[in-house]
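One file, structure07.csv, carrying CSV, C-alpha atoms (C1' of nucleotides):
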```
chain,number,residue,atom,x,y,z
H,1079,MET,CA,-38.2,17.6,43.5
H,1080,GLY,CA,-38.8,21.0,42.0
H,1081,ASP,CA,-35.4,20.3,40.6
H,1082,GLY,CA,-36.7,17.3,38.7
H,1083,SER,CA,-39.4,19.2,36.8
H,1084,GLU,CA,-37.0,22.0,36.1
H,1085,ILE,CA,-34.7,19.6,34.3
H,1086,GLU,CA,-37.6,18.1,32.5
H,1087,ARG,CA,-38.8,21.5,31.3
H,1088,GLN,CA,-35.3,22.3,30.0
H,1089,VAL,CA,-35.3,19.0,28.1
H,1090,ILE,CA,-38.7,19.7,26.5
H,1091,ASP,CA,-37.7,23.2,25.6
H,1092,ARG,CA,-34.5,22.0,23.9
H,1093,LEU,CA,-36.4,19.2,22.2
H,1094,ASN,CA,-38.9,21.7,20.8
H,1095,ALA,CA,-36.2,24.0,19.6
H,1096,HIS,CA,-34.9,21.1,17.5
H,1097,ASP,CA,-38.4,19.9,16.4
H,1098,LEU,CA,-38.1,16.7,18.4
H,1099,ARG,CA,-40.8,15.1,20.4
H,1100,PHE,CA,-40.5,14.0,24.0
H,1101,THR,CA,-41.3,10.4,23.2
H,1102,VAL,CA,-41.3,7.4,25.6
H,1103,ALA,CA,-37.9,6.3,24.5
H,1104,ARG,CA,-36.4,9.8,25.1
H,1105,ARG,CA,-38.1,10.1,28.4
H,1106,GLN,CA,-36.6,6.8,29.5
H,1107,ILE,CA,-33.2,7.8,28.4
H,1108,VAL,CA,-33.3,11.1,30.3
H,1109,LYS,CA,-34.8,9.4,33.3
H,1110,ALA,CA,-32.1,6.8,33.3
H,1111,LEU,CA,-29.3,9.3,33.0
H,1112,ARG,CA,-30.7,11.3,35.9
H,1113,GLY,CA,-30.7,8.3,38.2
H,1114,VAL,CA,-26.9,7.5,38.0
H,1115,ASP,CA,-23.9,9.1,39.6
H,1116,GLY,CA,-21.6,9.0,36.5
H,1117,PRO,CA,-21.8,8.6,32.8
H,1118,VAL,CA,-23.0,5.2,31.5
H,1119,THR,CA,-22.3,3.0,28.6
H,1120,LEU,CA,-24.8,1.9,26.0
H,1121,PRO,CA,-25.2,-1.6,27.5
H,1122,GLU,CA,-25.6,-0.1,31.0
H,1123,LEU,CA,-28.3,2.3,29.6
H,1124,LEU,CA,-30.1,-0.6,28.1
H,1125,ASP,CA,-30.1,-2.4,31.5
H,1126,LEU,CA,-31.6,0.7,33.0
H,1127,ALA,CA,-34.2,1.0,30.3
H,1128,PRO,CA,-34.9,-2.6,29.3
H,1129,ASP,CA,-37.6,-2.1,26.7
H,1130,LEU,CA,-35.4,0.3,24.7
H,1131,ALA,CA,-34.1,-1.1,21.4
H,1132,GLN,CA,-30.3,-0.7,20.9
H,1133,SER,CA,-30.6,1.2,17.7
H,1134,SER,CA,-33.2,3.5,19.1
H,1135,ALA,CA,-30.9,4.2,22.1
H,1136,TYR,CA,-28.0,5.0,19.8
H,1137,ARG,CA,-30.2,7.1,17.5
H,1138,ASN,CA,-31.8,9.1,20.3
H,1139,LEU,CA,-28.6,9.7,22.2
H,1140,ALA,CA,-27.2,11.2,19.0
H,1141,LEU,CA,-30.2,13.4,18.6
H,1142,LEU,CA,-30.2,14.4,22.2
H,1143,GLU,CA,-26.6,15.2,21.9
H,1144,ASP,CA,-27.3,17.5,19.0
H,1145,ALA,CA,-30.0,19.1,21.0
H,1146,GLY,CA,-27.6,19.9,23.8
H,1147,ILE,CA,-29.3,17.6,26.3
H,1148,VAL,CA,-26.8,14.7,26.4
H,1149,ARG,CA,-23.0,14.6,26.3
H,1150,ARG,CA,-21.0,11.8,24.9
H,1151,LEU,CA,-17.7,10.9,26.5
H,1152,VAL,CA,-15.0,8.6,25.2
H,1153,HIS,CA,-12.5,7.3,27.7
H,1154,SER,CA,-11.5,4.1,25.9
H,1155,THR,CA,-11.8,2.4,22.6
H,1156,ASP,CA,-14.7,0.2,23.5
H,1157,HIS,CA,-18.0,1.7,24.7
H,1158,ALA,CA,-18.6,5.5,24.8
H,1159,ARG,CA,-20.3,6.9,27.9
H,1160,TYR,CA,-23.3,9.2,28.0
H,1161,GLU,CA,-24.4,11.8,30.6
H,1162,LEU,CA,-26.8,14.7,30.8
H,1163,ALA,CA,-25.3,17.9,29.5
H,1164,GLU,CA,-23.9,20.3,32.0
H,1165,VAL,CA,-26.5,22.9,31.2
H,1166,LEU,CA,-29.0,20.5,32.9
H,1167,THR,CA,-26.7,19.5,35.7
H,1168,GLU,CA,-23.6,21.1,37.0
H,1169,HIS,CA,-20.0,21.4,35.9
H,1170,HIS,CA,-18.1,18.4,37.1
H,1171,HIS,CA,-15.2,16.1,36.4
H,1172,HIS,CA,-14.6,12.4,36.4
H,1173,LEU,CA,-12.7,9.7,38.3
H,1174,VAL,CA,-11.9,7.0,35.7
H,1175,CYS,CA,-10.8,3.6,36.9
H,1176,ASP,CA,-8.3,2.3,34.4
H,1177,ARG,CA,-8.8,-1.3,35.5
H,1178,CYS,CA,-12.6,-1.8,35.6
H,1179,GLY,CA,-13.6,1.2,33.6
H,1180,VAL,CA,-16.1,2.6,36.0
H,1181,VAL,CA,-16.5,6.4,35.9
H,1182,ARG,CA,-17.8,8.5,38.8
H,1183,ASP,CA,-18.6,12.3,38.9
H,1184,ILE,CA,-16.7,14.6,41.2
H,1185,ALA,CA,-16.5,18.4,41.6
H,1186,PHE,CA,-13.7,20.7,42.3
H,1187,SER,CA,-13.8,23.8,44.6
H,1188,ASP,CA,-15.0,27.0,43.0
H,1189,GLU,CA,-11.6,28.6,43.7
H,1190,THR,CA,-9.8,25.9,41.7
H,1191,GLU,CA,-12.2,26.1,38.8
H,1192,GLU,CA,-11.7,29.9,38.7
H,1193,LEU,CA,-8.0,29.6,38.7
H,1194,LEU,CA,-8.2,26.9,36.0
H,1195,ASP,CA,-10.5,29.1,33.9
H,1196,GLN,CA,-8.1,31.9,34.2
H,1197,GLU,CA,-5.1,29.9,33.2
H,1198,ILE,CA,-7.1,28.4,30.3
H,1199,ALA,CA,-8.1,31.9,29.1
H,1200,GLU,CA,-4.4,32.9,29.0
H,1201,VAL,CA,-3.3,29.8,27.1
H,1202,ALA,CA,-6.2,30.1,24.7
H,1203,ALA,CA,-5.3,33.7,23.9
H,1204,ALA,CA,-1.7,32.9,23.5
H,1205,GLU,CA,-2.5,29.9,21.2
H,1206,ARG,CA,-5.2,31.8,19.2
H,1207,PHE,CA,-7.6,29.0,20.1
H,1208,HIS,CA,-11.3,29.5,20.9
H,1209,VAL,CA,-11.9,27.4,24.0
H,1210,THR,CA,-15.5,26.5,24.7
H,1211,ARG,CA,-15.1,24.0,27.5
H,1212,HIS,CA,-12.6,21.9,29.4
H,1213,ILE,CA,-12.5,18.3,30.3
H,1214,LEU,CA,-10.5,17.1,33.3
H,1215,ASP,CA,-10.5,13.4,34.0
H,1216,LEU,CA,-8.6,11.8,36.9
H,1217,HIS,CA,-7.4,8.3,36.0
H,1218,GLY,CA,-6.3,5.7,38.4
H,1219,LEU,CA,-7.8,2.8,40.4
H,1220,CYS,CA,-11.1,2.8,42.2
H,1221,SER,CA,-11.0,1.4,45.8
H,1222,ASP,CA,-12.4,-1.9,44.7
H,1223,CYS,CA,-9.6,-2.4,42.1
H,1224,VAL,CA,-7.0,-1.2,44.6
H,1225,ALA,CA,-8.2,-3.9,47.0
H,1226,ALA,CA,-8.2,-6.5,44.2
H,1227,THR,CA,-4.6,-5.6,43.2
H,1228,SER,CA,-3.3,-7.0,46.5
A,380,MET,CA,20.5,17.1,20.3
A,381,GLY,CA,21.6,15.4,23.5
A,382,ASP,CA,17.9,15.3,24.2
A,383,GLY,CA,17.3,13.1,21.2
A,384,SER,CA,19.7,10.2,22.2
A,385,GLU,CA,18.4,10.5,25.8
A,386,ILE,CA,14.9,9.7,24.6
A,387,GLU,CA,16.3,6.9,22.4
A,388,ARG,CA,18.1,5.4,25.3
A,389,GLN,CA,15.0,5.5,27.4
A,390,VAL,CA,13.1,3.8,24.6
A,391,ILE,CA,15.6,1.0,24.3
A,392,ASP,CA,15.8,0.5,28.0
A,393,ARG,CA,12.0,0.1,28.2
A,394,LEU,CA,11.9,-2.1,25.2
A,395,ASN,CA,14.6,-4.4,26.8
A,396,ALA,CA,12.7,-4.4,30.0
A,397,HIS,CA,9.7,-5.9,28.1
A,398,ASP,CA,11.8,-8.2,25.9
A,399,LEU,CA,11.1,-6.3,22.8
A,400,ARG,CA,13.5,-5.4,20.1
A,401,PHE,CA,14.1,-1.9,18.7
A,402,THR,CA,13.1,-2.9,15.2
A,403,VAL,CA,12.9,-0.7,12.1
A,404,ALA,CA,9.1,-0.4,12.5
A,405,ARG,CA,9.4,0.7,16.1
A,406,ARG,CA,12.2,3.1,15.3
A,407,GLN,CA,10.0,4.7,12.6
A,408,ILE,CA,7.1,5.0,15.0
A,409,VAL,CA,9.1,6.7,17.7
A,410,LYS,CA,10.8,8.9,15.2
A,411,ALA,CA,7.5,10.0,13.7
A,412,LEU,CA,6.0,10.7,17.1
A,413,ARG,CA,8.9,12.8,18.1
A,414,GLY,CA,8.6,15.0,15.0
A,415,VAL,CA,5.0,16.3,15.6
A,416,ASP,CA,3.6,18.9,18.0
A,417,GLY,CA,0.5,16.9,19.0
A,418,PRO,CA,-0.8,13.3,19.2
A,419,VAL,CA,-1.5,11.7,15.8
A,420,THR,CA,-4.0,9.3,14.4
A,421,LEU,CA,-3.2,6.0,12.8
A,422,PRO,CA,-3.6,7.3,9.2
A,423,GLU,CA,-1.5,10.3,10.1
A,424,LEU,CA,1.2,8.0,11.5
A,425,LEU,CA,1.1,5.9,8.3
A,426,ASP,CA,1.6,9.1,6.3
A,427,LEU,CA,4.7,9.9,8.4
A,428,ALA,CA,6.0,6.4,8.0
A,429,PRO,CA,4.9,5.2,4.6
A,430,ASP,CA,6.5,1.8,4.5
A,431,LEU,CA,4.8,0.8,7.7
A,432,ALA,CA,2.0,-1.8,7.4
A,433,GLN,CA,-1.3,-0.8,9.1
A,434,SER,CA,-1.4,-3.9,11.2
A,435,SER,CA,2.2,-3.6,12.3
A,436,ALA,CA,1.5,0.0,13.3
A,437,TYR,CA,-1.5,-1.0,15.5
A,438,ARG,CA,0.4,-4.0,16.9
A,439,ASN,CA,3.5,-2.0,17.7
A,440,LEU,CA,1.6,0.9,19.2
A,441,ALA,CA,-0.1,-1.5,21.5
A,442,LEU,CA,3.2,-3.0,22.5
A,443,LEU,CA,4.9,0.4,22.9
A,444,GLU,CA,1.9,1.4,25.1
A,445,ASP,CA,2.4,-1.6,27.3
A,446,ALA,CA,6.1,-0.8,27.6
A,447,GLY,CA,5.2,2.8,28.7
A,448,ILE,CA,6.7,4.4,25.6
A,449,VAL,CA,3.5,5.4,23.9
A,450,ARG,CA,0.2,6.8,25.2
A,451,ARG,CA,-3.1,6.3,23.5
A,452,LEU,CA,-5.7,9.0,23.6
A,453,VAL,CA,-9.3,8.8,22.6
A,454,HIS,CA,-11.0,12.1,22.0
A,455,SER,CA,-13.8,11.0,19.7
A,456,THR,CA,-15.3,7.8,18.4
A,457,ASP,CA,-13.3,7.5,15.2
A,458,HIS,CA,-9.5,7.4,15.3
A,459,ALA,CA,-7.6,7.2,18.5
A,460,ARG,CA,-4.5,9.4,18.8
A,461,TYR,CA,-1.0,8.4,19.9
A,462,GLU,CA,1.9,10.3,21.5
A,463,LEU,CA,5.1,9.6,23.3
A,464,ALA,CA,4.5,8.9,27.0
A,465,GLU,CA,5.2,11.7,29.4
A,466,VAL,CA,8.2,10.0,30.9
A,467,LEU,CA,9.9,10.6,27.6
A,468,THR,CA,8.6,14.1,27.1
A,469,GLU,CA,7.0,16.5,29.5
A,470,HIS,CA,3.6,16.8,31.2
A,471,HIS,CA,1.3,18.7,28.9
A,472,HIS,CA,-2.3,19.1,27.9
A,473,HIS,CA,-4.2,19.3,24.7
A,474,LEU,CA,-6.2,21.8,22.6
A,475,VAL,CA,-8.8,19.8,20.7
A,476,CYS,CA,-10.6,21.4,17.8
A,477,ASP,CA,-14.2,20.0,17.9
A,478,ARG,CA,-14.7,20.9,14.2
A,479,CYS,CA,-11.6,19.6,12.4
A,480,GLY,CA,-10.4,17.3,15.1
A,481,VAL,CA,-6.8,18.6,15.2
A,482,VAL,CA,-5.0,18.3,18.6
A,483,ARG,CA,-2.1,20.4,19.7
A,484,ASP,CA,0.0,20.2,22.8
A,485,ILE,CA,0.0,23.0,25.4
A,486,ALA,CA,1.5,23.4,28.9
A,487,PHE,CA,0.3,25.2,32.0
A,488,SER,CA,2.3,27.1,34.4
A,489,ASP,CA,3.9,25.2,37.3
A,490,GLU,CA,1.8,27.1,39.8
A,491,THR,CA,-1.4,26.0,38.2
A,492,GLU,CA,-0.2,22.4,37.9
A,493,GLU,CA,0.7,22.4,41.6
A,494,LEU,CA,-2.6,23.8,42.7
A,495,LEU,CA,-4.3,21.3,40.5
A,496,ASP,CA,-2.3,18.4,41.9
A,497,GLN,CA,-3.2,19.6,45.4
A,498,GLU,CA,-6.9,19.8,44.7
A,499,ILE,CA,-6.7,16.4,43.0
A,500,ALA,CA,-5.0,14.9,46.0
A,501,GLU,CA,-7.8,16.2,48.2
A,502,VAL,CA,-10.6,14.9,46.0
A,503,ALA,CA,-8.8,11.5,45.6
A,504,ALA,CA,-8.5,11.1,49.4
A,505,ALA,CA,-12.1,12.1,50.0
A,506,GLU,CA,-13.4,9.7,47.3
A,507,ARG,CA,-11.0,6.9,48.2
A,508,PHE,CA,-9.7,6.7,44.7
A,509,HIS,CA,-6.0,6.1,43.8
A,510,VAL,CA,-5.3,8.8,41.2
A,511,THR,CA,-2.2,8.1,39.0
A,512,ARG,CA,-2.6,10.8,36.4
A,513,HIS,CA,-4.9,13.6,35.2
A,514,ILE,CA,-6.0,14.5,31.7
A,515,LEU,CA,-7.0,18.0,30.9
A,516,ASP,CA,-8.2,18.7,27.4
A,517,LEU,CA,-9.4,22.1,26.2
A,518,HIS,CA,-12.1,21.8,23.6
A,519,GLY,CA,-13.1,24.5,21.2
A,520,LEU,CA,-12.2,25.8,17.7
A,521,CYS,CA,-8.8,26.2,16.3
A,522,SER,CA,-8.1,29.5,14.6
A,523,ASP,CA,-8.6,28.1,11.1
A,524,CYS,CA,-12.0,26.8,12.0
A,525,VAL,CA,-13.0,30.0,13.7
A,526,ALA,CA,-12.1,31.8,10.5
A,527,ALA,CA,-14.1,29.2,8.5
A,528,THR,CA,-17.2,29.7,10.7
A,529,SER,CA,-17.6,33.2,9.4
T,1104,DT,C1',17.9,-22.8,14.6
T,1105,DT,C1',14.6,-20.4,17.6
T,1106,DG,C1',11.4,-17.3,18.2
T,1107,DC,C1',10.3,-12.4,17.7
T,1108,DT,C1',8.3,-9.6,13.7
T,1109,DT,C1',5.9,-8.6,9.8
T,1110,DG,C1',2.2,-8.2,6.2
T,1111,DC,C1',-1.8,-9.8,4.3
T,1112,DA,C1',-6.4,-10.9,4.7
T,1113,DA,C1',-10.1,-12.3,7.5
T,1114,DA,C1',-12.5,-11.6,12.0
T,1115,DT,C1',-14.4,-8.7,15.7
T,1116,DG,C1',-17.2,-5.5,17.8
T,1117,DA,C1',-19.2,-0.8,18.5
T,1118,DT,C1',-21.9,2.2,16.1
T,1119,DT,C1',-24.7,3.6,12.0
T,1120,DT,C1',-28.1,3.1,8.6
T,1121,DG,C1',-31.9,1.2,5.2
T,1122,DC,C1',-36.4,0.0,5.3
T,1123,DA,C1',-41.0,-1.3,6.5
T,1124,DC,C1',-44.1,-0.6,10.4
T,1125,DT,C1',-46.2,1.9,14.4
T,1126,DG,C1',-48.3,5.7,16.5
T,1127,DC,C1',-48.7,10.6,17.4
T,1128,DT,C1',-51.2,14.9,15.9
P,1110,DA,C1',-53.6,11.1,6.1
P,1111,DG,C1',-48.9,12.4,7.0
P,1112,DC,C1',-44.8,12.3,9.0
P,1113,DA,C1',-41.7,11.6,13.2
P,1114,DG,C1',-40.1,7.6,15.7
P,1115,DT,C1',-39.2,2.7,16.2
P,1116,DG,C1',-37.1,-2.0,15.7
P,1117,DC,C1',-34.9,-5.4,13.1
P,1118,DA,C1',-31.2,-6.8,10.4
P,1119,DA,C1',-27.6,-5.5,7.4
P,1120,DA,C1',-23.8,-2.3,6.6
P,1121,DT,C1',-19.6,0.4,8.2
P,1122,DC,C1',-15.4,1.2,9.9
P,1123,DA,C1',-11.6,1.3,13.4
P,1124,DT,C1',-9.1,-2.1,15.5
P,1125,DT,C1',-7.6,-6.9,16.4
P,1126,DT,C1',-6.0,-11.4,15.2
P,1127,DG,C1',-4.6,-16.0,12.5
P,1128,DC,C1',-1.2,-17.5,9.8
P,1129,DA,C1',2.7,-18.1,6.8
P,1130,DA,C1',6.9,-15.9,5.6
P,1131,DG,C1',11.1,-12.9,7.0
P,1132,DC,C1',14.7,-11.6,10.0
P,1133,DA,C1',17.8,-11.1,14.0
P,1134,DA,C1',20.4,-13.3,18.0
```

Can you dump the structure from the file as structure tokens?
Amino acid sequence: MGDGSEIERQVIDRLNAHDLRFTVARRQIVKALRGVDGPVTLPELLDLAPDLAQSSAYRNLALLEDAGIVRRLVHSTDHARYELAEVLTEHHHHLVCDRCGVVRDIAFSDETEELLDQEIAEVAAAERFHVTRHILDLHGLCSDCVAATS
Amino acid sequence: MGDGSEIERQVIDRLNAHDLRFTVARRQIVKALRGVDGPVTLPELLDLAPDLAQSSAYRNLALLEDAGIVRRLVHSTDHARYELAEVLTEHHHHLVCDRCGVVRDIAFSDETEELLDQEIAEVAAAERFHVTRHILDLHGLCSDCVAATS
DNA sequence: TTGCTTGCAAATGATTTGCACTGCT
DNA sequence: AGCAGTGCAAATCATTTGCAAGCAA
């Protein structure tokens, strides 16, 4: 619970830093994103926050992304997916079902992440590329779709 | 050299398996994709194969993707990127410049890939998810954009 | 011939934007 | 009052698709 207000404080700080207000619409978006276990599409977000206009959702998600509060993911050509930025949550990866499109959060062990960071640092240095983050998505079939593909 | 015809044979086999001909347009697409060091966007592909109609490019890329010859990547909301499938090339990852959008191929050490596969297998089992592949993209700034951000 | 391919132009669908209105401050 | 924020509807833009013509088996 103390966790909740901590996130909220972070959100408000970042909004202030970007001269943005913590309006009802933005509050709804953040609340909705906190209540799910994976990134959501725009339609899914509208279901979670029914009195939010579509254009306001898109506009606020873009602003929240600029403010470092939200992260936009694109796994396919249709709907993008949105989640809270990792500064507000924790570093994680995604399981992506290539059949139904559902996306769920997962975490790796600290050891694996450390080794990964190390390898990334080496490659980045060799390629003269300034790496700021990595995205690791596991694609395949969720258990429901495995069952359906009998 | 021998490598080139090997890929071509693979392409033809896969096309045959899907009742598709190895037409001029498809030949151009495969040739273009073989000549670059990272996945390309549709406009970039059209530059590489000037006498290819846009709709034919889209249509053939979709068919080639179904045939397992091409892989479509989506890193941002605008243009998707296309590359030869890994069965024709080798497992690799991408450096993605968040400023200019350029994408370049990179490879990790076999040890890292093995450890990664091991960790992925564990997570997949725990989450009851059938993982078929993983995508690891390193985001940041390419050296040109680092220089430009003086 | 028979049907896969192609190119053009029109359609689709996610996302963005113009504009007038609402509501903080 | 003054300006950020909102909702509606129209605009954008990547991608898809209908259709008539071209080409290969």

Where does chain A meet chain H within 7 Å, residue by residue, with the nearest atom pair and distance in Å to one decimal for each, counting all atoms listed in the file, listed by chain and rising number, as a Markdown table?
```
| residue | atom | partner | partner_atom | distance |
| --- | --- | --- | --- | --- |
| A:Val453 | CA | H:Ser1154 | CA | 6.1 |
| A:His454 | CA | H:Val1152 | CA | 6.2 |
| A:Ser455 | CA | H:Val1152 | CA | 6.1 |
| A:Thr456 | CA | H:Val1152 | CA | 6.9 |
| A:Arg507 | CA | H:Ser1221 | CA | 6.0 |
| A:Phe508 | CA | H:Cys1220 | CA | 4.8 |
| A:His509 | CA | H:Leu1219 | CA | 5.1 |
| A:Val510 | CA | H:Gly1218 | CA | 4.3 |
| A:Thr511 | CA | H:Gly1218 | CA | 4.8 |
| A:Arg512 | CA | H:His1217 | CA | 5.4 |
| A:His513 | CA | H:Leu1216 | CA | 4.5 |
| A:Ile514 | CA | H:Asp1215 | CA | 5.2 |
| A:Leu515 | CA | H:Leu1214 | CA | 4.3 |
| A:Asp516 | CA | H:Ile1213 | CA | 5.2 |
| A:Leu517 | CA | H:His1212 | CA | 4.5 |
| A:His518 | CA | H:Arg1211 | CA | 5.4 |
| A:Gly519 | CA | H:Val1209 | CA | 4.2 |
| A:Leu520 | CA | H:His1208 | CA | 5.0 |
| A:Cys521 | CA | H:Phe1207 | CA | 4.9 |
| A:Ser522 | CA | H:Phe1207 | CA | 5.5 |
```

Mobile chain A placed on reference chain H by ordered C-alpha fit, as a short mmCIF file (atom, residue, chain, number, x, y, z; two decimals) with C-alpha atoms, in the frame of the given file:
```cif
data_model
loop_
_atom_site.label_atom_id
_atom_site.label_comp_id
_atom_site.auth_asym_id
_atom_site.auth_seq_id
_atom_site.Cartn_x
_atom_site.Cartn_y
_atom_site.Cartn_z
CA MET A 380 -38.18 17.69 43.66
CA GLY A 381 -38.63 21.09 42.04
CA ASP A 382 -35.26 20.33 40.54
CA GLY A 383 -36.64 17.35 38.70
CA SER A 384 -39.44 19.22 36.73
CA GLU A 385 -36.94 22.05 36.06
CA ILE A 386 -34.67 19.63 34.24
CA GLU A 387 -37.71 18.15 32.45
CA ARG A 388 -38.79 21.53 31.31
CA GLN A 389 -35.36 22.30 30.02
CA VAL A 390 -35.37 19.01 28.15
CA ILE A 391 -38.68 19.70 26.48
CA ASP A 392 -37.73 23.21 25.59
CA ARG A 393 -34.56 21.96 23.85
CA LEU A 394 -36.37 19.17 22.18
CA ASN A 395 -38.99 21.69 20.80
CA ALA A 396 -36.23 23.94 19.69
CA HIS A 397 -34.90 21.06 17.49
CA ASP A 398 -38.35 19.84 16.41
CA LEU A 399 -38.13 16.69 18.33
CA ARG A 400 -40.80 15.09 20.38
CA PHE A 401 -40.48 13.98 24.02
CA THR A 402 -41.24 10.38 23.21
CA VAL A 403 -41.33 7.41 25.60
CA ALA A 404 -37.83 6.34 24.47
CA ARG A 405 -36.39 9.77 25.11
CA ARG A 406 -38.16 10.07 28.43
CA GLN A 407 -36.63 6.72 29.50
CA ILE A 408 -33.19 7.84 28.42
CA VAL A 409 -33.30 11.08 30.34
CA LYS A 410 -34.80 9.38 33.32
CA ALA A 411 -32.09 6.73 33.37
CA LEU A 412 -29.34 9.30 33.02
CA ARG A 413 -30.67 11.31 35.86
CA GLY A 414 -30.68 8.30 38.21
CA VAL A 415 -26.89 7.48 38.05
CA ASP A 416 -23.86 9.14 39.64
CA GLY A 417 -21.62 8.92 36.56
CA PRO A 418 -21.80 8.65 32.74
CA VAL A 419 -23.01 5.25 31.47
CA THR A 420 -22.28 3.03 28.55
CA LEU A 421 -24.78 1.89 25.99
CA PRO A 422 -25.22 -1.61 27.54
CA GLU A 423 -25.56 -0.01 30.94
CA LEU A 424 -28.24 2.33 29.58
CA LEU A 425 -30.09 -0.65 28.03
CA ASP A 426 -30.01 -2.34 31.44
CA LEU A 427 -31.61 0.77 32.99
CA ALA A 428 -34.19 0.93 30.27
CA PRO A 429 -34.91 -2.62 29.23
CA ASP A 430 -37.60 -2.07 26.66
CA LEU A 431 -35.40 0.25 24.70
CA ALA A 432 -34.10 -1.06 21.35
CA GLN A 433 -30.29 -0.74 20.87
CA SER A 434 -30.64 1.19 17.69
CA SER A 435 -33.21 3.57 19.09
CA ALA A 436 -30.90 4.19 22.04
CA TYR A 437 -27.93 5.11 19.75
CA ARG A 438 -30.20 7.15 17.46
CA ASN A 439 -31.81 9.04 20.31
CA LEU A 440 -28.55 9.68 22.11
CA ALA A 441 -27.19 11.19 18.98
CA LEU A 442 -30.23 13.38 18.63
CA LEU A 443 -30.25 14.36 22.32
CA GLU A 444 -26.53 15.25 21.89
CA ASP A 445 -27.32 17.51 18.99
CA ALA A 446 -30.07 19.18 21.00
CA GLY A 447 -27.55 19.82 23.87
CA ILE A 448 -29.32 17.50 26.30
CA VAL A 449 -26.81 14.71 26.32
CA ARG A 450 -22.99 14.65 26.27
CA ARG A 451 -20.96 11.83 24.86
CA LEU A 452 -17.68 10.91 26.43
CA VAL A 453 -15.03 8.62 25.10
CA HIS A 454 -12.54 7.39 27.63
CA SER A 455 -11.38 4.21 25.93
CA THR A 456 -11.77 2.47 22.61
CA ASP A 457 -14.73 0.27 23.48
CA HIS A 458 -17.98 1.80 24.72
CA ALA A 459 -18.55 5.49 24.78
CA ARG A 460 -20.26 6.92 27.87
CA TYR A 461 -23.24 9.27 28.04
CA GLU A 462 -24.43 11.83 30.61
CA LEU A 463 -26.79 14.71 30.85
CA ALA A 464 -25.24 17.92 29.49
CA GLU A 465 -23.92 20.37 32.01
CA VAL A 466 -26.60 22.92 31.30
CA LEU A 467 -29.00 20.50 32.90
CA THR A 468 -26.74 19.51 35.75
CA GLU A 469 -23.61 21.10 37.08
CA HIS A 470 -19.99 21.38 35.92
CA HIS A 471 -18.11 18.36 37.17
CA HIS A 472 -15.24 16.07 36.40
CA HIS A 473 -14.67 12.39 36.34
CA LEU A 474 -12.76 9.66 38.23
CA VAL A 475 -11.96 6.94 35.71
CA CYS A 476 -10.85 3.56 36.95
CA ASP A 477 -8.26 2.30 34.36
CA ARG A 478 -8.80 -1.32 35.51
CA CYS A 479 -12.58 -1.80 35.65
CA GLY A 480 -13.53 1.18 33.59
CA VAL A 481 -16.08 2.62 36.05
CA VAL A 482 -16.53 6.45 35.95
CA ARG A 483 -17.82 8.54 38.78
CA ASP A 484 -18.59 12.21 38.92
CA ILE A 485 -16.61 14.59 41.16
CA ALA A 486 -16.50 18.39 41.59
CA PHE A 487 -13.70 20.79 42.41
CA SER A 488 -13.84 23.74 44.56
CA ASP A 489 -14.90 27.05 42.98
CA GLU A 490 -11.50 28.55 43.65
CA THR A 491 -9.74 25.87 41.72
CA GLU A 492 -12.24 26.09 38.85
CA GLU A 493 -11.70 29.85 38.67
CA LEU A 494 -7.96 29.60 38.65
CA LEU A 495 -8.23 26.95 36.03
CA ASP A 496 -10.55 29.03 33.87
CA GLN A 497 -8.08 31.92 34.19
CA GLU A 498 -5.09 29.87 33.15
CA ILE A 499 -7.15 28.41 30.31
CA ALA A 500 -8.11 31.84 29.12
CA GLU A 501 -4.45 32.80 29.03
CA VAL A 502 -3.33 29.72 27.13
CA ALA A 503 -6.30 30.07 24.68
CA ALA A 504 -5.36 33.70 23.90
CA ALA A 505 -1.69 32.88 23.47
CA GLU A 506 -2.44 29.92 21.15
CA ARG A 507 -5.24 31.69 19.29
CA PHE A 508 -7.66 28.94 20.04
CA HIS A 509 -11.37 29.52 20.92
CA VAL A 510 -11.87 27.35 24.01
CA THR A 511 -15.56 26.49 24.76
CA ARG A 512 -15.12 23.91 27.47
CA HIS A 513 -12.52 21.90 29.41
CA ILE A 514 -12.47 18.23 30.32
CA LEU A 515 -10.57 17.08 33.31
CA ASP A 516 -10.52 13.38 34.00
CA LEU A 517 -8.63 11.78 36.89
CA HIS A 518 -7.36 8.35 36.00
CA GLY A 519 -6.33 5.72 38.47
CA LEU A 520 -7.84 2.81 40.46
CA CYS A 521 -11.10 2.80 42.23
CA SER A 522 -11.04 1.46 45.76
CA ASP A 523 -12.39 -1.96 44.76
CA CYS A 524 -9.65 -2.40 42.23
CA VAL A 525 -6.98 -1.24 44.60
CA ALA A 526 -8.20 -3.88 47.02
CA ALA A 527 -8.19 -6.46 44.17
CA THR A 528 -4.57 -5.60 43.24
CA SER A 529 -3.36 -6.99 46.51
#
```

**OP:** Dump as a PyMOL selection string the residues of chain A that approach chain T to within 10 Å, counting all atoms listed in the file.
**Re:** chain A and resi 398-400+402+404+431-435+439+456

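Computed from the coordinates, the CA of Ala1163 (chain H) to CA of Pro418 (chain A) distance equals 27.0 Å.
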
**OP:** For chain P, report every residue with an atom at most 9 Å from chain A (counting all atoms listed in the file), formatted as number ranges by chain.
**Re:** P: 1122-1125
